[in-house]
Structure formats: structure tokens, C-alpha cells
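Participant: Input coords.txt, format and content: compact mmCIF, C-alpha atoms and all ligand atoms.
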# COMPACT_ATOMS: atom_id res chain seq x y z
CA MET A 1 -22.13 -44.98 -23.70
CA SER A 2 -24.70 -42.78 -21.94
CA ARG A 3 -27.74 -41.29 -23.56
CA LEU A 4 -29.64 -38.29 -22.17
CA SER A 5 -32.94 -37.23 -23.65
CA GLY A 6 -34.25 -33.69 -23.58
CA TYR A 7 -34.78 -30.62 -25.74
CA TRP A 8 -32.37 -28.66 -27.87
CA TYR A 9 -32.77 -24.95 -28.60
CA ALA A 10 -30.92 -23.81 -31.70
CA PRO A 11 -28.85 -20.60 -31.41
CA LEU A 12 -30.80 -17.34 -31.86
CA ASN A 13 -33.93 -19.37 -32.29
CA SER A 14 -36.73 -20.17 -29.84
CA GLU A 15 -37.69 -23.33 -31.68
CA ARG A 16 -37.44 -26.47 -29.58
CA PHE A 17 -36.40 -29.90 -30.85
CA ASP A 18 -36.64 -33.31 -29.22
CA ALA A 19 -32.99 -34.26 -28.90
CA ALA A 20 -30.54 -36.69 -27.35
CA LEU A 21 -27.09 -36.12 -25.94
CA ILE A 22 -24.90 -39.16 -26.33
CA VAL A 23 -21.64 -39.37 -24.36
CA THR A 24 -19.00 -41.97 -25.24
CA ALA A 25 -15.41 -42.08 -23.99
CA GLY A 26 -15.15 -38.37 -23.23
CA GLN A 27 -16.83 -37.33 -26.48
CA TYR A 28 -20.34 -36.00 -26.90
CA ARG A 29 -22.74 -36.00 -29.82
CA LEU A 30 -26.01 -34.04 -29.97
CA ALA A 31 -28.58 -35.74 -32.15
CA VAL A 32 -31.91 -34.38 -33.40
CA ASP A 33 -34.00 -36.98 -35.25
CA ASP A 34 -30.91 -39.23 -35.44
CA THR A 35 -28.96 -36.49 -37.23
CA THR A 36 -25.79 -35.32 -35.46
CA ARG A 37 -26.02 -31.53 -35.04
CA LEU A 38 -23.06 -30.98 -32.73
CA HIS A 39 -20.13 -32.99 -31.39
CA GLY A 40 -16.95 -32.47 -29.42
CA GLN A 41 -15.16 -32.97 -26.05
CA PHE A 42 -17.50 -33.61 -23.12
CA ASN A 43 -15.18 -31.54 -20.87
CA ASP A 44 -15.81 -28.45 -23.03
CA LEU A 45 -19.52 -28.44 -22.24
CA ASP A 46 -20.89 -25.78 -19.90
CA ILE A 47 -23.16 -27.73 -17.50
CA SER A 48 -25.35 -25.95 -14.92
CA ASP A 49 -25.04 -26.94 -11.24
CA ARG A 50 -27.59 -29.28 -9.79
CA THR A 51 -30.25 -27.71 -7.55
CA GLY A 52 -32.70 -30.34 -6.40
CA ASN A 53 -34.52 -31.69 -9.44
CA ILE A 54 -34.61 -28.51 -11.50
CA THR A 55 -33.98 -29.02 -15.24
CA ARG A 56 -30.28 -29.02 -16.12
CA ARG A 57 -28.96 -26.83 -18.92
CA ILE A 58 -25.99 -27.63 -21.07
CA ARG A 59 -24.68 -24.76 -23.15
CA PHE A 60 -22.69 -25.31 -26.34
CA SER A 61 -20.01 -23.07 -27.76
CA ASP A 62 -22.26 -22.03 -30.66
CA GLY A 63 -24.75 -20.57 -28.13
CA SER A 64 -27.33 -23.34 -28.45
CA LEU A 65 -28.80 -25.04 -25.39
CA PHE A 66 -29.76 -28.56 -24.35
CA GLU A 67 -32.20 -29.06 -21.48
CA THR A 68 -32.82 -32.31 -19.65
CA GLU A 69 -34.58 -33.48 -16.51
CA ASP A 70 -32.32 -36.51 -16.32
CA ASN A 71 -30.25 -35.10 -13.44
CA ASP A 72 -29.08 -38.45 -12.10
CA ALA A 73 -27.74 -39.54 -15.48
CA ILE A 74 -25.76 -36.26 -15.84
CA ASP A 75 -24.30 -36.69 -12.36
CA GLU A 76 -23.31 -40.24 -13.20
CA ILE A 77 -21.52 -39.13 -16.38
CA LEU A 78 -19.86 -36.25 -14.47
CA ALA A 79 -18.72 -38.60 -11.71
CA GLN A 80 -16.88 -40.75 -14.25
CA SER A 81 -15.43 -37.75 -16.10
CA THR A 82 -12.71 -35.19 -15.44
CA HIS A 83 -15.18 -32.36 -16.11
CA LYS A 84 -14.69 -29.32 -13.85
CA ALA A 85 -18.33 -29.58 -12.67
CA ALA A 86 -17.74 -33.12 -11.37
CA HIS A 87 -17.49 -31.96 -7.72
CA VAL A 88 -20.91 -30.30 -7.88
CA GLY A 89 -22.60 -33.66 -7.59
CA LEU A 90 -20.93 -34.17 -4.21
CA PHE A 91 -22.26 -30.82 -2.95
CA HIS A 92 -25.70 -31.80 -4.09
CA ARG A 93 -25.48 -35.05 -2.17
CA MET A 94 -24.26 -33.20 0.93
CA GLU A 95 -27.00 -30.59 0.68
CA SER A 96 -29.69 -33.17 0.33
CA SER A 97 -28.62 -35.23 3.32
CA TRP A 98 -29.68 -34.21 6.83
CA ARG A 99 -26.75 -36.06 8.24
CA TRP A 100 -24.41 -33.70 6.47
CA VAL A 101 -26.49 -30.72 7.54
CA ILE A 102 -26.11 -31.76 11.20
CA VAL A 103 -22.39 -32.38 10.72
CA GLY A 104 -22.14 -28.93 9.13
CA VAL A 105 -23.90 -27.26 12.07
CA MET A 106 -21.73 -29.13 14.58
CA VAL A 107 -18.52 -28.22 12.76
CA THR A 108 -19.64 -24.57 12.72
CA ILE A 109 -20.43 -24.61 16.45
CA ALA A 110 -17.10 -26.32 17.19
CA ALA A 111 -15.27 -23.73 15.08
CA ILE A 112 -16.97 -20.81 16.86
CA PHE A 113 -16.40 -22.41 20.28
CA SER A 114 -12.71 -23.08 19.48
CA PHE A 115 -12.29 -19.52 18.29
CA PHE A 116 -13.54 -18.03 21.56
CA LYS A 117 -12.01 -20.69 23.81
CA TRP A 118 -8.53 -21.01 22.28
CA GLY A 119 -8.08 -18.92 19.13
CA LEU A 120 -9.02 -15.57 20.64
CA PRO A 121 -6.96 -15.94 23.86
CA ALA A 122 -3.95 -17.22 21.91
CA GLY A 123 -4.26 -14.47 19.28
CA SER A 124 -4.75 -11.76 21.92
CA GLY A 125 -1.72 -13.10 23.80
CA ILE A 126 0.47 -12.96 20.70
CA ILE A 127 -0.64 -9.40 19.91
CA ALA A 128 -0.25 -8.30 23.55
CA ARG A 129 3.32 -9.69 23.70
CA SER A 130 4.30 -8.07 20.40
CA LEU A 131 3.21 -4.57 21.47
CA PRO A 132 5.94 -2.30 22.85
CA VAL A 133 5.92 -1.31 26.54
CA ALA A 134 4.87 2.24 25.56
CA VAL A 135 1.56 0.89 24.26
CA HIS A 136 0.94 -1.00 27.51
CA GLU A 137 1.67 2.24 29.37
CA SER A 138 -0.72 4.31 27.26
CA VAL A 139 -3.56 1.80 27.64
CA ALA A 140 -3.18 1.97 31.42
CA ALA A 141 -2.71 5.74 31.46
CA GLY A 142 -5.30 7.39 33.68
CA SER A 143 -6.47 4.07 35.13
CA LEU A 144 -4.92 4.67 38.54
CA GLN A 145 -6.47 8.17 38.75
CA LEU A 146 -9.85 6.69 37.86
CA LEU A 147 -9.48 3.94 40.45
CA ASP A 148 -8.50 6.60 43.00
CA ARG A 149 -11.53 8.71 42.15
CA PHE A 150 -14.07 5.90 42.51
CA TRP A 151 -12.74 2.90 44.41
CA LEU A 152 -9.51 3.50 46.26
CA GLU A 153 -8.70 5.64 49.26
CA ALA A 154 -5.40 6.95 50.59
CA SER A 155 -3.42 4.37 52.53
CA SER A 156 -3.32 4.57 56.30
CA LEU A 157 -0.13 2.52 56.53
CA SER A 158 2.64 4.33 58.38
CA GLU A 159 5.61 5.68 56.47
CA THR A 160 7.82 3.02 58.04
CA GLU A 161 5.44 0.22 56.99
CA GLN A 162 5.33 1.58 53.45
CA ALA A 163 9.11 1.99 53.31
CA ASP A 164 9.66 -1.62 54.42
CA ILE A 165 7.34 -2.99 51.74
CA GLN A 166 8.80 -0.62 49.12
CA ALA A 167 12.29 -1.93 49.92
CA ARG A 168 11.16 -5.56 49.56
CA PHE A 169 9.46 -4.67 46.25
CA GLU A 170 12.67 -3.11 44.90
CA THR A 171 14.65 -6.19 45.89
CA LEU A 172 12.17 -8.37 43.99
CA ILE A 173 12.40 -6.15 40.89
CA SER A 174 16.20 -6.10 40.97
CA GLY A 175 16.19 -9.90 40.73
CA ILE A 176 14.09 -10.15 37.56
CA ASP A 177 14.39 -8.97 33.95
CA PRO A 178 11.94 -6.01 33.82
CA GLN A 179 11.76 -6.20 29.99
CA GLY A 180 11.61 -2.39 29.75
CA PHE A 181 8.75 -1.99 32.24
CA ASN A 182 9.02 0.69 34.92
CA PHE A 183 7.59 -1.12 37.94
CA ARG A 184 6.08 1.11 40.64
CA LEU A 185 4.30 0.25 43.87
CA TYR A 186 1.29 2.14 45.23
CA PHE A 187 -0.39 1.83 48.64
CA ARG A 188 -4.16 2.29 48.80
CA LYS A 189 -7.08 1.48 51.07
CA MET A 190 -9.94 -0.68 49.86
CA GLY A 191 -12.32 -3.05 51.63
CA LEU A 192 -10.73 -6.36 50.72
CA PRO A 193 -7.13 -7.50 50.98
CA ASN A 194 -6.09 -7.27 47.37
CA ALA A 195 -3.26 -6.53 44.97
CA LEU A 196 -3.63 -5.61 41.34
CA ALA A 197 -1.31 -4.83 38.49
CA LEU A 198 -1.97 -2.37 35.67
CA PRO A 199 -0.51 -3.32 32.26
CA SER A 200 1.96 -0.42 32.68
CA GLY A 201 3.74 -2.08 35.62
CA GLU A 202 1.94 -0.04 38.31
CA ILE A 203 1.13 -2.40 41.18
CA ILE A 204 -1.38 -1.51 43.87
CA VAL A 205 -1.38 -3.09 47.33
CA THR A 206 -4.26 -2.55 49.72
CA ASP A 207 -3.72 -1.83 53.41
CA SER A 208 -5.71 -4.90 54.42
CA LEU A 209 -3.41 -7.13 52.36
CA ALA A 210 -0.31 -5.52 53.88
CA ARG A 211 -1.76 -6.26 57.34
CA LEU A 212 -2.88 -9.78 56.47
CA VAL A 213 0.55 -11.06 55.44
CA ASP A 214 2.75 -12.74 58.02
CA PRO A 215 5.62 -13.33 57.43
CA PRO A 216 6.37 -10.53 54.89
CA GLU A 217 7.49 -13.21 52.39
CA GLU A 218 3.78 -13.82 51.79
CA LEU A 219 3.52 -10.32 50.37
CA ASP A 220 6.58 -11.02 48.21
CA ALA A 221 4.69 -14.01 46.80
CA VAL A 222 1.64 -11.89 45.92
CA LEU A 223 3.79 -9.11 44.43
CA MET A 224 5.77 -11.59 42.33
CA HIS A 225 2.51 -13.02 41.03
CA GLU A 226 1.39 -9.50 40.01
CA ILE A 227 4.78 -8.83 38.39
CA GLY A 228 4.14 -12.04 36.43
CA HIS A 229 0.83 -10.67 35.14
CA VAL A 230 2.63 -7.52 33.91
CA LEU A 231 5.56 -9.31 32.24
CA GLU A 232 3.28 -11.85 30.58
CA ARG A 233 1.05 -9.00 29.34
CA HIS A 234 -2.13 -10.53 30.78
CA GLY A 235 -3.87 -7.17 31.27
CA MET A 236 -3.42 -6.17 27.64
CA GLN A 237 -4.38 -9.67 26.51
CA GLN A 238 -7.67 -9.37 28.42
CA VAL A 239 -8.29 -5.88 27.02
CA ILE A 240 -7.70 -7.07 23.44
CA GLN A 241 -9.85 -10.14 24.00
CA ALA A 242 -12.74 -8.22 25.55
CA SER A 243 -12.52 -5.51 22.85
CA THR A 244 -12.65 -8.15 20.11
CA ILE A 245 -15.71 -9.77 21.69
CA ALA A 246 -17.32 -6.32 22.02
CA LEU A 247 -16.44 -5.55 18.40
CA ILE A 248 -17.98 -8.84 17.23
CA ALA A 249 -21.07 -8.14 19.35
CA THR A 250 -21.23 -4.61 17.92
CA LEU A 251 -21.05 -5.97 14.38
CA ALA A 252 -23.69 -8.58 15.18
CA ILE A 253 -26.10 -6.27 17.00
CA GLY A 254 -25.21 -3.06 15.18
CA ASP A 255 -24.94 -1.01 18.39
CA VAL A 256 -21.77 1.08 18.13
CA SER A 257 -22.18 2.71 21.57
CA ALA A 258 -21.43 -0.67 23.20
CA SER A 259 -17.76 -0.55 22.16
CA ALA A 260 -17.36 2.98 23.57
CA ASP A 261 -18.70 1.71 26.91
CA LEU A 262 -16.09 -1.01 26.86
CA ILE A 263 -13.14 1.38 26.38
CA ALA A 264 -14.43 3.49 29.28
CA GLY A 265 -14.68 0.30 31.33
CA VAL A 266 -10.98 -0.68 31.10
CA PRO A 267 -10.07 0.44 34.67
CA VAL A 268 -13.14 -1.30 36.13
CA PHE A 269 -12.17 -4.38 34.28
CA LEU A 270 -8.60 -4.18 35.64
CA LEU A 271 -9.94 -3.68 39.16
CA GLN A 272 -11.98 -6.85 38.91
CA SER A 273 -8.77 -8.53 37.67
CA ASN A 274 -10.81 -11.08 35.79
CA TYR A 275 -7.89 -12.98 34.39
CA THR A 276 -8.45 -16.38 32.86
CA ARG A 277 -7.45 -19.46 34.83
CA ALA A 278 -4.66 -20.02 32.31
CA SER A 279 -3.29 -16.51 33.00
CA GLU A 280 -3.53 -17.01 36.77
CA SER A 281 -1.76 -20.32 36.60
CA SER A 282 0.94 -18.89 34.34
CA ALA A 283 1.51 -15.91 36.71
CA ASP A 284 1.68 -18.43 39.58
CA ASP A 285 4.36 -20.46 37.79
CA PHE A 286 6.34 -17.27 37.14
CA ALA A 287 6.08 -16.35 40.84
CA PHE A 288 7.15 -19.82 42.09
CA ARG A 289 10.19 -19.82 39.79
CA GLU A 290 11.34 -16.27 40.54
CA LEU A 291 10.71 -16.55 44.29
CA ALA A 292 12.80 -19.71 44.46
CA ASN A 293 15.50 -17.96 42.39
CA GLN A 294 15.66 -15.19 44.97
CA GLY A 295 15.78 -17.59 47.92
CA ILE A 296 12.15 -16.98 48.96
CA ASP A 297 10.11 -20.12 49.67
CA PRO A 298 7.19 -20.45 47.14
CA ALA A 299 5.27 -22.14 49.98
CA ASN A 300 4.51 -18.56 51.14
CA PHE A 301 2.22 -18.32 48.14
CA ALA A 302 0.23 -21.31 49.41
CA THR A 303 -0.32 -19.81 52.86
CA ILE A 304 -1.34 -16.35 51.64
CA ILE A 305 -3.72 -17.60 48.96
CA LEU A 306 -5.49 -19.77 51.55
CA LYS A 307 -5.68 -16.78 53.91
CA LEU A 308 -7.19 -14.69 51.12
CA GLU A 309 -9.68 -17.43 50.43
CA ASN A 310 -10.67 -17.68 54.11
CA PHE A 311 -10.93 -13.91 54.23
CA SER A 312 -13.41 -13.72 51.38
CA ARG A 313 -15.44 -16.76 52.43
CA PRO A 314 -17.04 -15.39 55.67
CA ILE A 315 -18.05 -12.24 53.77
CA GLN A 316 -19.66 -14.39 51.13
CA LYS A 317 -21.42 -16.40 53.84
CA LYS A 318 -22.56 -13.30 55.70
CA LYS A 319 -23.98 -11.87 52.50
CA SER A 320 -25.89 -14.99 51.58
CA GLN A 321 -27.09 -15.31 55.20
CA GLN A 322 -28.57 -11.81 55.05
CA GLU A 323 -30.17 -12.62 51.75
CA ALA A 324 -31.51 -15.88 53.15
CA ASP A 325 -32.99 -14.06 56.16
CA SER A 326 -34.83 -11.64 53.94
CA ARG A 327 -36.20 -14.46 51.83
CA SER A 328 -39.30 -16.42 52.62
CA LEU A 329 -38.92 -19.98 53.91
CA GLU A 330 -39.88 -21.80 50.73
CA ASP A 331 -37.14 -20.33 48.54
CA ARG A 332 -34.25 -20.90 50.93
CA THR A 333 -33.34 -24.13 49.24
CA ASP A 334 -31.22 -22.68 46.42
CA ASP A 335 -28.01 -22.24 48.45
CA THR A 336 -26.26 -24.47 45.93
CA ALA A 337 -26.53 -21.62 43.43
CA ASP A 338 -24.54 -19.35 45.79
CA LYS A 339 -21.92 -22.05 46.19
CA ALA A 340 -21.54 -22.60 42.43
CA ASP A 341 -21.16 -18.87 41.92
CA TYR A 342 -18.53 -18.69 44.65
CA LEU A 343 -16.50 -21.50 43.10
CA SER A 344 -16.61 -20.04 39.61
CA SER A 345 -15.37 -16.65 40.84
CA HIS A 346 -12.61 -18.19 43.01
CA PRO A 347 -11.00 -20.77 40.78
CA ALA A 348 -9.32 -23.47 42.77
CA SER A 349 -7.34 -21.62 45.45
CA ALA A 350 -6.63 -24.95 47.12
CA GLU A 351 -5.28 -26.32 43.84
CA ARG A 352 -3.02 -23.28 43.39
CA ALA A 353 -1.78 -23.61 46.97
CA GLN A 354 -1.04 -27.28 46.36
CA LYS A 355 1.01 -26.42 43.27
CA ALA A 356 3.03 -23.87 45.27
CA LEU A 357 3.81 -26.50 47.92
CA GLU A 358 4.79 -29.03 45.27
CA TYR A 359 7.07 -26.49 43.55
CA SER A 360 8.63 -25.61 46.90
CA ALA A 361 9.30 -29.28 47.72
CA ALA A 362 10.80 -29.99 44.29
CA HIS A 363 12.81 -26.82 43.58
CA PHE A 364 13.34 -24.71 46.69
CA LYS A 365 16.55 -25.12 48.66
CA PRO A 366 16.48 -23.15 51.94
CA GLN A 367 19.69 -21.14 52.39
CA SER A 368 21.14 -21.69 55.82
ZN ZN A 401 -3.57 -13.01 39.44
What's the C-alpha cells form of this structure?
Ligand SMILES: [Zn+2]
Facilitator:
Amino acid sequence: MSRLSGYWYAPLNSERFDAALIVTAGQYRLAVDDTTRLHGQFNDLDISDRTGNITRRIRFSDGSLFETEDNDAIDEILAQSTHKAAHVGLFHRMESSWRWVIVGVMVTIAAIFSFFKWGLPAGSGIIARSLPVAVHESVAAGSLQLLDRFWLEASSLSETEQADIQARFETLISGIDPQGFNFRLYFRKMGLPNALALPSGEIIVTDSLARLVDPPEELDAVLMHEIGHVLERHGMQQVIQASTIALIATLAIGDVSASADLIAGVPVFLLQSNYTRASESSADDFAFRELANQGIDPANFATIILKLENFSRPIQKKKSQQEADSRSLEDRTDDTADKADYLSSHPASAERAQKALEYSAAHFKPQS
């Protein structure tokens, strides 16, 4: 038996009585001056939630009210009962404990981190793969013209050089399942040796890349990697992912113009080809497999990616050297910052080359 003391307010009456609520084996009895005024099932009582040590109110079906400050005793009775408010005590205990508050904050941070790290890329990937090719084409529509207007120049490769590469490209395409994509190759001039793929299947090769490759199988390796990006819908995945982040930022900050900037920035974004490491590695795997299928040694991927890395490194060095020269002596010590930045923007070329060599050794049979 549990006994709670408090006050009882009769229905439609502001008069207050000293009262006791006695609970025994799932039954309650409200007594005023030892006279039972009300009785019934404990589970039928309407009990207010606990908030700190604020007076608890128990409402009866006749509209009368019992008030008590004996919060702990109510929680104890609730804990032993099947009353629907029994769980509230647990929430109160969680709220009042800093340990639970810290756990709550950590779980929230982990959930947000997991969303951006895994949930968003996975979700964007699923959406990107479920969209028809026509949607990929319309997202990329106009991108090449924009790139031409601002970043790319007409190729200076001879017609013969272009025709040779075009023929190799068509051979590569004929050996894969294009999944409805209309693959096209474009030749353009830009500072760095580079290749990029638009989500529509338009692939751009720069003159400096075409001149860097030797033997031509190295270009096949780069092209197959770009074809992999298209077929695995990495461009669209990145666009969806970046748009979602922009949308969330817009909702959080309340600046709608930010999302318009993002849509306008799609071609820039594609030019930077900021794919995730997971996307790069997946396009690499596609390239190794398909190259080997077509009798082209995936080891060509290893040699060209190392050449590309060596090509970009002196430029990086030159740039930081110029910066260093213009700096005063005392702040020349932060070269490590340049190095860290370089590594984060060039994820593990050596590792990717190693994987190509391993794939070649394990799966490639030279045709004699
Ligand atoms: Zn790539």
C-alpha cells in the first residue's frame, strides 16, 4: 500500500481539502478526513508528467483534482504499475542526468555526421541511378557551351591526331554496355592535362593530356575511367548531394539566393570534378575491369596517373615557391600547410596506381 498526501479540489468548487490518495493492488481510494470520497482503478487516473519538482496533479473522472508534492512516491507507484504514464518517470530521470544529456548530444552529432558522411552520398547515389538518361542529359545541357565560353579553348590537335583518338574511343564504347547513354568525345585546350565527363556522356579531353600519353593505351585508361563516372552516375550524385547540402544550408540560414547560385555553378563544379574518393575508386575499378576485358593492360592506368601527378606537382611547387619568395622570412615555416592541402586535393594517386598494378597482375592476360 502507498499513501500520498496532498490537497483535493472538489469539482466546480475552489474549496481545498487536506486529502490522501491510497493505492493498493492497482486500486486507488481518495480519502478526506478518513472518509472515502472516490475510488477506482489506478490506471484510469489522469496523472500529469513530472517536470522537476513541480506539484503533480491527478485528475479524476468527475472533474475533481488531487495535488501533491510527493513526486518520488508517485513515480514509485507508476514504476510498479501498468499505467500509461509509467514511462514518464524514465524521461524525467534522463532529463535530470548530465550523463544522459551528453549521450544525447553525442548521439545527435553522430547522427548528423553519419547523415552527411554516408546517408547523403548513398541516398544521392540511389536517386542518381534511378533517374532516366534523359534527366542526366538535361542537367548537363548547356554545360559544355558554358565551359567553352569561360574555360576551354579550341583544340590545336591535328585532324589525324583527333581521328586516331576518336577511333580508339569508339572501340572502347563498342566493348561496354552504354546503358542508353550517347557517349561523345570532345577535344579542347586547357592549361592542365585533364579529362572530364559530363553526366550526359560527353567526355572532354585536353590537348595536353593527349600529348602526355604514351603509349595511347594510357589515354584509353583515362577515358575508361571517365566512362565509369558516367555509367555510375557520379556527376548527378554529386549534383544531388551538393544541392541537398545547399538546400539544408538555405533552410538553416534562410538565404534563398544561395541555392540559385549553386544551380548556376553546376558546370564549374563539373570542371573541378570534385568526386568523392569512393566515386574515384569505383570508377577506377570499372576501368580496370573493362580495360582487361578489352585486352588493354590496366597497368596503363598506373603509369598515366603517376605522370599526371608529376605534372601537377612542379606547378604546385612553383606556385608555393613564388608565394614563399614574396613572404617575409619569419612566416616561411608553414610549408606543411601547402603539403597538407596538396594531399587532400590529390587523394592517393600512388595508392590508385598500386591498385591498377595489382589488378593487372591478378586479372590481365596479355594476348600474344
Ligand atoms: Zn575521376
Participant: Can you work out which one of A:Glu351, A:Glu280, A:Asp285, A:Glu290 has the shortest atom-to-atom distance to ligand ZN 401 (chain A), counting all atoms listed in the file?
Facilitator: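 Closest candidate: A:Glu280.
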Participant: Quick one: of A:Val205, A:Ala210, A:Ala221, A:Ala73, who's nearest to A:Ser5, counting only C-alpha atoms?
Facilitator: A:Ala73
Participant: Would you kindly return, as number ranges by chain, each protein, DNA or RNA residue with an atom no farther than 7 Å from any atom of A:Ala356, considering only C-alpha atoms and excluding same-chain residues fewer than 5 positions away?
Facilitator: A: 288, 298-299, 301-302
Participant: Using all atoms listed in the file, pick whichever of A:Ile227, A:Leu172, A:Val213, A:Phe183 has the shortest atom-to-atom distance to A:Leu196.
Facilitator: A:Ile227
Participant: What does the structure give for the distance between atom CA of A:Leu21 and atom CA of A:Thr51, in Å to one decimal?
Facilitator: 20.5 Å
Participant: What is the atom CA of A:Ser124 to atom CA of A:Gln237 distance in Å?
Facilitator: 5.1 Å
Participant: Counting all atoms listed in the file, name the residues that have an atom within 8 Å of an atom of ligand ZN 401 (chain A); the answer should be given as an MDAnalysis selection string.
Facilitator: chainID A and resid 196 225:226 229 273 275 279:280 283:284
Participant: Find the residue from A:Lys355, A:Gly228, A:Leu30, A:Glu202 that sits nearest to A:Phe286; use all atoms listed in the file when measuring.
Facilitator: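 Using all atoms listed in the file, the shortest distance to A:Phe286 belongs to A:Gly228.
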Participant: Hey, which of A:Ser48, A:Ser155, A:Gln166, A:Ser174 ends up closest to A:Gly191? Count all atoms listed in the file.
Facilitator: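 Going through A:Ser48, A:Ser155, A:Gln166, A:Ser174 one by one, the smallest distance to A:Gly191 is for A:Ser155.
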Participant: Restricting the calculation to only C-alpha atoms, which member of A:Asn300, A:Ile127, A:Met190, A:Asp220 is positioned closest to A:Glu170?
Facilitator: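 Closest to A:Glu170, using only C-alpha atoms: A:Asp220.
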Participant: Give me, as a ChimeraX atom specification, all polymer residues having an atom no more than 8 Å from A:Tyr7, counting only C-alpha atoms and skipping those fewer than 3 positions away in the same chain.
Facilitator: /A:16-20,66-68
Participant: Could you write those residues out with C-alpha atoms, as a CSV table (one decimal), keeping the file's coordinate frame?
Facilitator:
chain,number,residue,atom,x,y,z
A,16,ARG,CA,-37.4,-26.5,-29.6
A,17,PHE,CA,-36.4,-29.9,-30.8
A,18,ASP,CA,-36.6,-33.3,-29.2
A,19,ALA,CA,-33.0,-34.3,-28.9
A,20,ALA,CA,-30.5,-36.7,-27.4
A,66,PHE,CA,-29.8,-28.6,-24.4
A,67,GLU,CA,-32.2,-29.1,-21.5
A,68,THR,CA,-32.8,-32.3,-19.6
Participant: Separation of atom CA of A:Phe116 and atom CA of A:Val103, in Å?
Facilitator: 20.0 Å
Participant: Distance table requested - stretch 114-145 of chain A against stretch 244-253 of chain A, cut-off 12 Å, only C-alpha atoms: one row per qualifying residue with the closest atom pair and its distance in Å to one decimal, ordered by chain and rising residue number, as JSON lines.
Facilitator:
{"residue": "A:Phe115", "atom": "CA", "partner": "A:Ile245", "partner_atom": "CA", "distance": 10.9}
{"residue": "A:Phe116", "atom": "CA", "partner": "A:Ile245", "partner_atom": "CA", "distance": 8.5}
{"residue": "A:Lys117", "atom": "CA", "partner": "A:Ile245", "partner_atom": "CA", "distance": 11.7}
{"residue": "A:Gly119", "atom": "CA", "partner": "A:Thr244", "partner_atom": "CA", "distance": 11.7}
{"residue": "A:Leu120", "atom": "CA", "partner": "A:Thr244", "partner_atom": "CA", "distance": 8.3}
{"residue": "A:Pro121", "atom": "CA", "partner": "A:Thr244", "partner_atom": "CA", "distance": 10.4}
{"residue": "A:Gly123", "atom": "CA", "partner": "A:Thr244", "partner_atom": "CA", "distance": 10.5}
{"residue": "A:Ser124", "atom": "CA", "partner": "A:Thr244", "partner_atom": "CA", "distance": 8.9}
Participant: Skipping near chain neighbours, those fewer than 2 positions away, what residues fall within 8 Å of A:Ala140 using all atoms listed in the file, listed as a PyMOL selection string?
Facilitator: chain A and resi 136-138+142-144+198-200+267
